[in-house]
$ cat structure00.tsv   # TSV, C-alpha atoms
chain	number	residue	atom	x	y	z
A	1	MET	CA	3.11	-140.25	-6.64
A	2	SER	CA	2.77	-142.68	-3.76
A	3	PHE	CA	2.60	-141.23	-0.30
A	4	GLU	CA	3.87	-144.32	1.53
A	5	SER	CA	7.45	-143.74	0.42
A	6	THR	CA	7.50	-140.42	2.29
A	7	LEU	CA	6.43	-141.91	5.59
A	8	PRO	CA	9.05	-142.55	8.29
A	9	MET	CA	8.33	-146.28	8.31
A	10	GLY	CA	9.46	-147.86	11.54
A	11	ALA	CA	9.81	-144.52	13.30
A	12	PRO	CA	7.76	-143.92	16.47
A	13	GLU	CA	6.18	-140.71	15.12
A	14	LEU	CA	3.24	-141.11	12.76
A	15	MET	CA	1.86	-138.42	10.48
A	16	ARG	CA	-1.02	-136.32	11.74
A	17	VAL	CA	-4.37	-136.79	10.06
A	18	SER	CA	-4.66	-133.09	9.17
A	19	VAL	CA	-1.33	-133.16	7.30
A	20	PHE	CA	-2.24	-136.37	5.50
A	21	LYS	CA	-5.61	-134.98	4.38
A	22	ARG	CA	-3.89	-131.88	2.98
A	23	TYR	CA	-1.65	-134.21	1.01
A	24	LEU	CA	-4.67	-136.07	-0.38
A	25	ASP	CA	-6.34	-132.78	-1.36
A	26	GLU	CA	-3.25	-131.83	-3.34
A	27	LEU	CA	-3.18	-135.06	-5.32
A	28	ALA	CA	-4.17	-134.63	-8.96
A	29	PRO	CA	-6.92	-137.02	-10.07
A	30	LEU	CA	-5.40	-140.21	-11.44
A	31	ASP	CA	-6.77	-141.99	-14.50
A	32	GLU	CA	-7.28	-145.74	-14.64
A	33	SER	CA	-4.00	-146.30	-16.53
A	34	ASP	CA	-1.80	-144.52	-13.98
A	35	PRO	CA	0.71	-147.01	-12.50
A	36	HIS	CA	0.08	-145.59	-9.01
A	37	GLN	CA	-3.64	-146.25	-9.26
A	38	LEU	CA	-5.20	-149.46	-7.96
A	39	PRO	CA	-6.20	-152.04	-10.58
A	40	PRO	CA	-9.73	-151.38	-11.92
A	41	SER	CA	-11.12	-154.67	-10.58
A	42	LEU	CA	-9.85	-153.90	-7.08
A	43	LEU	CA	-11.12	-150.32	-7.29
A	44	GLN	CA	-14.54	-151.57	-8.30
A	45	ASP	CA	-14.55	-153.91	-5.32
A	46	LEU	CA	-13.75	-151.10	-2.90
A	47	ARG	CA	-16.21	-148.65	-4.46
A	48	ARG	CA	-19.09	-150.99	-3.64
A	49	PHE	CA	-18.61	-150.22	0.03
A	50	LYS	CA	-18.92	-146.45	-0.44
A	51	GLU	CA	-22.56	-146.73	-1.34
A	52	HIS	CA	-24.99	-144.86	0.89
A	53	GLY	CA	-22.23	-142.40	1.79
A	54	ARG	CA	-20.40	-144.58	4.32
A	55	HIS	CA	-16.64	-145.07	4.66
A	56	THR	CA	-14.80	-148.19	3.57
A	57	GLU	CA	-13.91	-150.36	6.54
A	58	PRO	CA	-10.46	-151.93	7.12
A	59	LEU	CA	-11.91	-155.45	6.90
A	60	GLU	CA	-13.27	-154.69	3.43
A	61	VAL	CA	-9.82	-153.60	2.22
A	62	LEU	CA	-8.28	-156.71	3.76
A	63	ALA	CA	-10.82	-158.91	2.00
A	64	ALA	CA	-10.33	-157.18	-1.36
A	65	SER	CA	-6.54	-157.36	-1.14
A	66	MET	CA	-6.63	-161.05	-0.27
A	67	ARG	CA	-9.25	-161.89	-2.89
A	68	HIS	CA	-7.33	-160.16	-5.70
A	69	LEU	CA	-3.89	-161.12	-4.31
A	70	ARG	CA	-2.77	-157.48	-4.61
A	71	ASN	CA	-0.25	-155.77	-2.35
A	72	VAL	CA	-1.89	-152.59	-1.08
A	73	ALA	CA	-1.21	-149.97	1.55
A	74	MET	CA	-4.15	-148.67	3.52
A	75	HIS	CA	-3.77	-145.60	5.66
A	76	LEU	CA	-5.89	-145.79	8.81
A	77	GLN	CA	-7.01	-142.97	11.05
A	78	ASP	CA	-6.18	-143.75	14.67
A	79	GLY	CA	-7.30	-140.67	16.56
A	80	GLU	CA	-5.18	-137.78	15.29
A	81	ARG	CA	-2.50	-139.91	13.65
A	82	VAL	CA	-2.25	-141.91	10.43
A	83	LEU	CA	-1.29	-145.55	10.69
A	84	PRO	CA	-0.04	-147.20	7.45
A	85	LEU	CA	-0.75	-150.91	7.11
A	86	THR	CA	0.70	-152.64	4.03
A	87	LEU	CA	-0.77	-155.99	3.00
A	88	PHE	CA	1.10	-158.80	1.24
A	89	PRO	CA	-1.54	-161.52	0.69
A	90	ARG	CA	0.69	-163.90	-1.28
A	91	GLN	CA	3.21	-163.97	1.57
A	92	CYS	CA	0.45	-163.89	4.24
A	93	LEU	CA	2.17	-160.88	5.83
A	94	ALA	CA	1.39	-157.28	6.73
A	95	HIS	CA	3.76	-154.44	7.56
A	96	CYS	CA	3.05	-151.81	10.19
A	97	PRO	CA	5.38	-149.34	11.94
A	98	LEU	CA	3.91	-150.57	15.23
A	99	SER	CA	4.86	-153.84	16.88
A	100	LEU	CA	2.29	-156.62	16.73
A	101	HIS	CA	1.48	-156.11	20.40
A	102	GLU	CA	0.95	-152.35	19.91
A	103	LEU	CA	-1.19	-152.91	16.83
A	104	LEU	CA	-3.45	-155.45	18.51
A	105	GLN	CA	-3.87	-153.16	21.52
A	106	LEU	CA	-5.54	-150.53	19.32
A	107	PRO	CA	-9.35	-150.18	19.30
A	108	LEU	CA	-9.75	-151.87	15.93
A	109	ASP	CA	-13.42	-150.92	15.72
A	110	ASN	CA	-12.48	-147.21	15.71
A	111	LEU	CA	-9.89	-147.32	12.91
A	112	GLN	CA	-11.11	-145.62	9.73
A	113	VAL	CA	-9.73	-146.00	6.22
A	114	LEU	CA	-8.41	-142.70	4.89
A	115	HIS	CA	-6.74	-143.87	1.69
A	116	VAL	CA	-5.81	-147.06	-0.18
A	117	GLU	CA	-3.02	-147.26	-2.76
A	118	PRO	CA	-0.65	-149.80	-4.33
A	119	ALA	CA	2.06	-150.90	-1.92
A	120	VAL	CA	5.50	-149.33	-2.19
A	121	LEU	CA	7.14	-151.49	0.46
A	122	ARG	CA	8.18	-155.02	-0.39
A	123	PRO	CA	7.94	-158.26	1.62
A	124	PRO	CA	11.00	-159.98	3.10
A	125	GLY	CA	13.16	-161.64	0.47
A	126	ASP	CA	12.22	-159.22	-2.30
A	127	PRO	CA	15.11	-158.28	-4.64
A	128	GLN	CA	14.47	-154.57	-3.99
A	129	ARG	CA	16.09	-154.73	-0.59
A	130	GLY	CA	15.87	-150.99	-0.02
A	131	LEU	CA	12.08	-151.31	0.14
A	132	VAL	CA	12.15	-154.17	2.67
A	133	LYS	CA	11.86	-152.88	6.23
A	134	ALA	CA	12.83	-154.33	9.61
A	135	LEU	CA	11.62	-157.92	9.83
A	136	HIS	CA	10.07	-157.51	13.29
A	137	LEU	CA	7.53	-155.07	11.80
A	138	TYR	CA	6.10	-157.70	9.42
A	139	HIS	CA	3.16	-159.42	11.06
A	140	PRO	CA	1.13	-162.54	10.18
A	141	LEU	CA	-1.79	-161.55	7.96
A	142	PRO	CA	-4.02	-164.48	9.05
A	143	LEU	CA	-3.82	-163.27	12.65
A	144	LEU	CA	-4.55	-159.65	11.71
A	145	SER	CA	-7.45	-160.58	9.45
A	146	TRP	CA	-8.93	-162.68	12.25
A	147	GLU	CA	-8.61	-159.81	14.75
A	148	PHE	CA	-10.09	-157.26	12.35
A	149	ALA	CA	-12.99	-159.60	11.60
A	150	MET	CA	-13.76	-160.33	15.25
A	151	ARG	CA	-12.97	-156.91	16.74
A	152	GLY	CA	-13.32	-154.44	13.88
A	153	SER	CA	-16.25	-152.21	13.01
A	154	ARG	CA	-18.03	-154.53	10.56
A	155	GLU	CA	-20.87	-156.60	12.01
A	156	GLN	CA	-22.39	-157.72	8.71
A	157	LEU	CA	-21.35	-160.47	6.34
A	158	LEU	CA	-18.95	-159.53	3.57
A	159	PRO	CA	-20.76	-159.39	0.20
A	160	GLU	CA	-18.92	-162.43	-1.16
A	161	ILE	CA	-20.49	-164.72	1.42
A	162	ALA	CA	-23.80	-162.92	2.03
A	163	GLY	CA	-27.20	-163.67	0.55
A	164	TYR	CA	-28.96	-166.98	0.22
A	165	ALA	CA	-26.39	-169.43	1.60
A	166	ALA	CA	-25.42	-172.13	4.06
A	167	TYR	CA	-22.01	-172.35	5.71
A	168	ARG	CA	-19.57	-174.98	6.88
A	169	ALA	CA	-16.01	-174.64	8.20
A	170	SER	CA	-13.29	-176.52	6.36
A	171	ALA	CA	-12.23	-179.72	8.10
A	172	VAL	CA	-8.56	-178.91	7.47
A	173	LEU	CA	-8.71	-175.42	8.99
A	174	ASP	CA	-5.85	-175.03	11.48
A	175	LEU	CA	-7.09	-173.05	14.47
A	176	ARG	CA	-3.91	-173.31	16.54
A	177	PRO	CA	-2.28	-169.99	15.52
A	178	LEU	CA	-5.47	-168.00	16.19
A	179	PRO	CA	-6.46	-166.41	19.53
A	180	ILE	CA	-9.88	-168.06	19.80
A	181	PRO	CA	-11.63	-168.37	23.17
A	182	THR	CA	-12.67	-171.93	23.99
A	183	PRO	CA	-16.45	-171.39	23.53
A	184	LEU	CA	-15.89	-169.89	20.08
A	185	ARG	CA	-13.37	-172.59	19.19
A	186	ASN	CA	-16.04	-175.17	20.06
A	187	CYS	CA	-18.46	-173.39	17.71
A	188	VAL	CA	-15.92	-173.60	14.89
A	189	ARG	CA	-15.41	-177.30	15.54
A	190	ARG	CA	-19.17	-177.85	15.45
A	191	LEU	CA	-19.29	-175.85	12.22
A	192	GLN	CA	-16.72	-178.25	10.79
A	193	ARG	CA	-19.28	-181.03	11.31
A	194	GLU	CA	-22.50	-179.22	10.45
A	195	THR	CA	-23.73	-177.03	7.60
A	196	THR	CA	-25.92	-174.19	8.78
A	197	SER	CA	-27.41	-170.85	7.80
A	198	LEU	CA	-26.57	-167.54	9.44
A	199	ARG	CA	-29.97	-167.58	11.12
A	200	GLN	CA	-29.33	-170.99	12.68
A	201	LEU	CA	-25.74	-170.16	13.59
A	202	SER	CA	-26.91	-167.05	15.41
A	203	GLU	CA	-28.94	-169.26	17.73
A	204	TRP	CA	-26.01	-171.41	18.83
A	205	PRO	CA	-24.92	-170.99	22.48
A	206	GLY	CA	-22.81	-167.87	22.97
A	207	LEU	CA	-23.58	-166.42	19.53
A	208	ASP	CA	-25.88	-163.75	18.18
A	209	ARG	CA	-26.27	-162.39	14.65
A	210	ALA	CA	-23.34	-159.94	14.93
A	211	VAL	CA	-20.89	-162.46	16.42
A	212	ALA	CA	-22.00	-165.16	13.98
A	213	SER	CA	-21.44	-162.77	11.05
A	214	ARG	CA	-18.02	-161.83	12.39
A	215	LEU	CA	-17.11	-165.50	12.78
A	216	LEU	CA	-18.10	-166.33	9.20
A	217	ASN	CA	-16.14	-163.34	7.89
A	218	ALA	CA	-13.12	-164.43	9.92
A	219	LEU	CA	-13.31	-167.99	8.61
A	220	TYR	CA	-13.69	-166.73	5.04
A	221	LEU	CA	-10.50	-164.67	5.36
A	222	GLN	CA	-8.69	-167.78	6.62
A	223	ALA	CA	-9.78	-169.61	3.44
A	224	GLY	CA	-11.59	-171.88	5.87
A	225	LEU	CA	-15.24	-171.32	4.95
A	226	ILE	CA	-17.34	-173.42	2.56
A	227	VAL	CA	-20.32	-171.48	1.18
A	228	SER	CA	-23.19	-173.41	-0.40
A	229	ARG	CA	-26.02	-171.71	-2.30
A	230	SER	CA	-27.91	-174.96	-2.92
A	231	HIS	CA	-27.73	-176.79	0.43
A	232	PRO	CA	-31.12	-177.50	2.10
A	233	ALA	CA	-30.00	-175.39	5.08
A	234	ALA	CA	-29.41	-172.32	2.92
A	235	ASP	CA	-31.25	-169.21	4.04
A	236	THR	CA	-30.96	-165.48	3.43
A	237	ASP	CA	-28.96	-163.28	5.81
A	238	GLY	CA	-31.50	-160.45	5.47
A	239	TRP	CA	-33.91	-161.87	8.02
A	240	PHE	CA	-34.04	-158.87	10.35

$ encode --input "structure00.tsv" --output "structure tokens"
Amino acid sequence: MSFESTLPMGAPELMRVSVFKRYLDELAPLDESDPHQLPPSLLQDLRRFKEHGRHTEPLEVLAASMRHLRNVAMHLQDGERVLPLTLFPRQCLAHCPLSLHELLQLPLDNLQVLHVEPAVLRPPGDPQRGLVKALHLYHPLPLLSWEFAMRGSREQLLPEIAGYAAYRASAVLDLRPLPIPTPLRNCVRRLQRETTSLRQLSEWPGLDRAVASRLLNALYLQAGLIVSRSHPAADTDGWF
């Protein structure tokens, strides 16, 4: 059973967290072969982040969905309501019952992942037209991934780019669609010319370790980051 199909997608009212949690408690455990379960490789990716008893963060689900090219629905806790966000990485789109303006006005660093499941909704143009919602509620995934990286709760590098490494931004990265302040845009342009470690990047004007980590995560999710494990500038990110 997939909960997303019961949600009033596109309606102004969102389900209360207490009701959603009761629904989750009533779900029977699903085995790995259940068609409503996430693929094992994606599940394994997400389970890494639950170590040490902490919750999975929205950015981690975004990264896993995009890395595995799997359509997933993550249900986010926004105060007392549940906000469904469905990701379509192949189409570079996301669906949300809120407008793009409303979504970006939320405190992204306070949103918590309650549940992740395979997507029921379909992207525009899908043959199953009954599962395609109003077009104005499909938002650009590159923009959302950038905002979640820069404004979300995660201040550490994603595991895929962490460790002993040096970083460079792709020369063909198109920054025009992204809401980047001029000082940060200048850092990205410099990073397109220079290869540097996280330690060195954190010392650039206007950056510190947290902002530098966010920037590298954001570039990675734009497919605009080159990670080198053998470059002379490579260093470990665990220097604090």

$ residues_around --input "structure00.tsv" --residues "Leu111 in chain A" --least-positions-apart "5" --cutoff "10 Å" --atoms "only C-alpha atoms" --output "count of residues only"
13

$ atom_distance --input "structure00.tsv" --atom1 "CA of Leu207 in chain A" --atom2 "CA of Gln112 in chain A"
26.2 Å

$ residues_near_point --input "structure00.tsv" --point "(-27.9, -179.8, 5.2)" --cutoff "8 Å" --atoms "all atoms listed in the file" --output "PyMOL selection string"
chain A and resi 194-196+231-234

$ residues_around --input "structure00.tsv" --residues "range 93-102 of chain A" --least-positions-apart "2" --cutoff "10 Å" --atoms "all atoms listed in the file" --output "PyMOL selection string"
chain A and resi 7-14+71-73+83-91+104-106+121-124+132-145

$ atom_distance --input "structure00.tsv" --atom1 "CA of Phe20 in chain A" --atom2 "CA of Cys92 in chain A"
27.7 Å

$ atom_distance --input "structure00.tsv" --atom1 "CA of Arg199 in chain A" --atom2 "CA of Leu175 in chain A"
23.8 Å

$ closest_residue --input "structure00.tsv" --among "A:Gly206, A:Ala223, A:Leu201, A:Gln128" --to "Leu173 in chain A" --atoms "all atoms listed in the file"
A:Ala223

$ axis_aligned_box --input "structure00.tsv" --around "range 114-125 of chain A" --padding-each-side "5 Å" --output "JSON"
{"center_x": 2.4, "center_y": -152.2, "center_z": 0.3, "size_x": 31.6, "size_y": 28.9, "size_z": 19.2}

$ closest_residue --input "structure00.tsv" --among "A:Ser228, A:Gln37, A:Ser18, A:Ser202" --to "Tyr164 in chain A" --atoms "all atoms listed in the file"
A:Ser228

$ closest_residue --input "structure00.tsv" --among "A:Leu114, A:Leu225, A:Ala218, A:Met150" --to "Ala165 in chain A" --atoms "all atoms listed in the file"
A:Leu225

$ closest_residue --input "structure00.tsv" --among "A:Arg229, A:Arg70, A:Arg129, A:Arg154" --to "Ser213 in chain A" --atoms "all atoms listed in the file"
A:Arg154

$ closest_residue --input "structure00.tsv" --among "A:Glu160, A:Thr56, A:Ala63, A:Ala212" --to "Ile226 in chain A" --atoms "all atoms listed in the file"
A:Glu160

$ decode --input "structure00.tsv" --residues "range 62-154 of chain A" --atoms "C-alpha atoms" --output "mmCIF file, in the first residue's frame"
data_model
loop_
_atom_site.group_PDB
_atom_site.id
_atom_site.type_symbol
_atom_site.label_atom_id
_atom_site.label_comp_id
_atom_site.auth_asym_id
_atom_site.auth_seq_id
_atom_site.Cartn_x
_atom_site.Cartn_y
_atom_site.Cartn_z
ATOM 1 C CA LEU A 62 17.504 13.946 -2.802
ATOM 2 C CA ALA A 63 21.055 12.734 -3.367
ATOM 3 C CA ALA A 64 20.068 9.054 -3.217
ATOM 4 C CA SER A 65 17.136 9.530 -5.599
ATOM 5 C CA MET A 66 19.303 11.400 -8.096
ATOM 6 C CA ARG A 67 22.214 8.978 -7.812
ATOM 7 C CA HIS A 68 20.018 5.908 -8.396
ATOM 8 C CA LEU A 69 17.685 7.705 -10.844
ATOM 9 C CA ARG A 70 14.671 6.451 -8.866
ATOM 10 C CA ASN A 71 11.367 8.279 -8.532
ATOM 11 C CA VAL A 72 10.606 8.518 -4.821
ATOM 12 C CA ALA A 73 8.164 10.335 -2.590
ATOM 13 C CA MET A 74 9.474 11.691 0.681
ATOM 14 C CA HIS A 75 7.059 12.905 3.309
ATOM 15 C CA LEU A 76 8.450 15.852 5.260
ATOM 16 C CA GLN A 77 7.369 17.145 8.628
ATOM 17 C CA ASP A 78 6.717 20.881 8.473
ATOM 18 C CA GLY A 79 5.526 21.760 11.951
ATOM 19 C CA GLU A 80 2.282 19.853 12.506
ATOM 20 C CA ARG A 81 1.642 19.031 8.864
ATOM 21 C CA VAL A 82 3.045 16.521 6.382
ATOM 22 C CA LEU A 83 4.425 17.850 3.122
ATOM 23 C CA PRO A 84 4.834 15.280 0.300
ATOM 24 C CA LEU A 85 7.645 15.950 -2.151
ATOM 25 C CA THR A 86 7.930 13.572 -5.117
ATOM 26 C CA LEU A 87 11.220 13.437 -7.016
ATOM 27 C CA PHE A 88 11.639 12.650 -10.710
ATOM 28 C CA PRO A 89 15.420 12.740 -11.295
ATOM 29 C CA ARG A 90 15.331 11.642 -14.944
ATOM 30 C CA GLN A 91 13.001 14.539 -15.799
ATOM 31 C CA CYS A 92 14.804 16.916 -13.372
ATOM 32 C CA LEU A 93 11.437 17.691 -11.748
ATOM 33 C CA ALA A 94 9.799 17.500 -8.331
ATOM 34 C CA HIS A 95 6.118 17.631 -7.427
ATOM 35 C CA CYS A 96 4.782 19.370 -4.348
ATOM 36 C CA PRO A 97 1.237 20.479 -3.456
ATOM 37 C CA LEU A 98 2.712 23.901 -2.642
ATOM 38 C CA SER A 99 3.696 26.447 -5.257
ATOM 39 C CA LEU A 100 7.409 26.940 -5.831
ATOM 40 C CA HIS A 101 7.274 30.274 -4.007
ATOM 41 C CA GLU A 102 5.522 28.721 -0.988
ATOM 42 C CA LEU A 103 7.944 25.804 -0.904
ATOM 43 C CA LEU A 104 11.030 28.001 -1.004
ATOM 44 C CA GLN A 105 9.612 30.215 1.741
ATOM 45 C CA LEU A 106 9.653 27.276 4.177
ATOM 46 C CA PRO A 107 12.464 26.943 6.745
ATOM 47 C CA LEU A 108 14.230 24.163 4.848
ATOM 48 C CA ASP A 109 16.593 23.492 7.740
ATOM 49 C CA ASN A 110 13.639 22.497 9.953
ATOM 50 C CA LEU A 111 12.011 19.987 7.590
ATOM 51 C CA GLN A 112 12.367 16.395 8.789
ATOM 52 C CA VAL A 113 11.954 13.213 6.763
ATOM 53 C CA LEU A 114 9.107 11.085 8.107
ATOM 54 C CA HIS A 115 8.898 8.450 5.393
ATOM 55 C CA VAL A 116 10.297 7.597 1.953
ATOM 56 C CA GLU A 117 8.543 5.339 -0.556
ATOM 57 C CA PRO A 118 8.373 4.687 -4.303
ATOM 58 C CA ALA A 119 6.570 7.454 -6.162
ATOM 59 C CA VAL A 120 2.945 6.946 -7.143
ATOM 60 C CA LEU A 121 2.590 10.189 -9.076
ATOM 61 C CA ARG A 122 3.983 10.423 -12.590
ATOM 62 C CA PRO A 123 5.850 13.242 -14.360
ATOM 63 C CA PRO A 124 4.259 15.313 -17.131
ATOM 64 C CA GLY A 125 3.871 13.390 -20.370
ATOM 65 C CA ASP A 126 3.527 10.001 -18.686
ATOM 66 C CA PRO A 127 0.978 7.652 -20.336
ATOM 67 C CA GLN A 128 -0.807 7.198 -16.988
ATOM 68 C CA ARG A 129 -2.437 10.599 -17.224
ATOM 69 C CA GLY A 130 -4.562 10.075 -14.126
ATOM 70 C CA LEU A 131 -1.385 10.108 -12.028
ATOM 71 C CA VAL A 132 -0.065 13.334 -13.572
ATOM 72 C CA LYS A 133 -1.062 16.373 -11.515
ATOM 73 C CA ALA A 134 -1.395 20.070 -12.334
ATOM 74 C CA LEU A 135 1.676 21.224 -14.239
ATOM 75 C CA HIS A 136 2.215 24.332 -12.106
ATOM 76 C CA LEU A 137 2.969 22.082 -9.106
ATOM 77 C CA TYR A 138 5.966 20.460 -10.825
ATOM 78 C CA HIS A 139 9.110 22.349 -9.912
ATOM 79 C CA PRO A 140 12.701 22.267 -11.255
ATOM 80 C CA LEU A 141 14.702 19.696 -9.307
ATOM 81 C CA PRO A 142 18.079 21.434 -9.872
ATOM 82 C CA LEU A 143 16.745 24.561 -8.165
ATOM 83 C CA LEU A 144 15.278 22.600 -5.240
ATOM 84 C CA SER A 145 18.419 20.536 -4.756
ATOM 85 C CA TRP A 146 20.490 23.722 -4.717
ATOM 86 C CA GLU A 147 18.208 25.330 -2.117
ATOM 87 C CA PHE A 148 18.164 22.231 0.092
ATOM 88 C CA ALA A 149 21.954 22.010 -0.109
ATOM 89 C CA MET A 150 22.531 25.668 0.743
ATOM 90 C CA ARG A 151 19.675 26.181 3.223
ATOM 91 C CA GLY A 152 18.849 22.724 4.561
ATOM 92 C CA SER A 153 19.958 21.101 7.793
ATOM 93 C CA ARG A 154 23.060 19.301 6.506
#
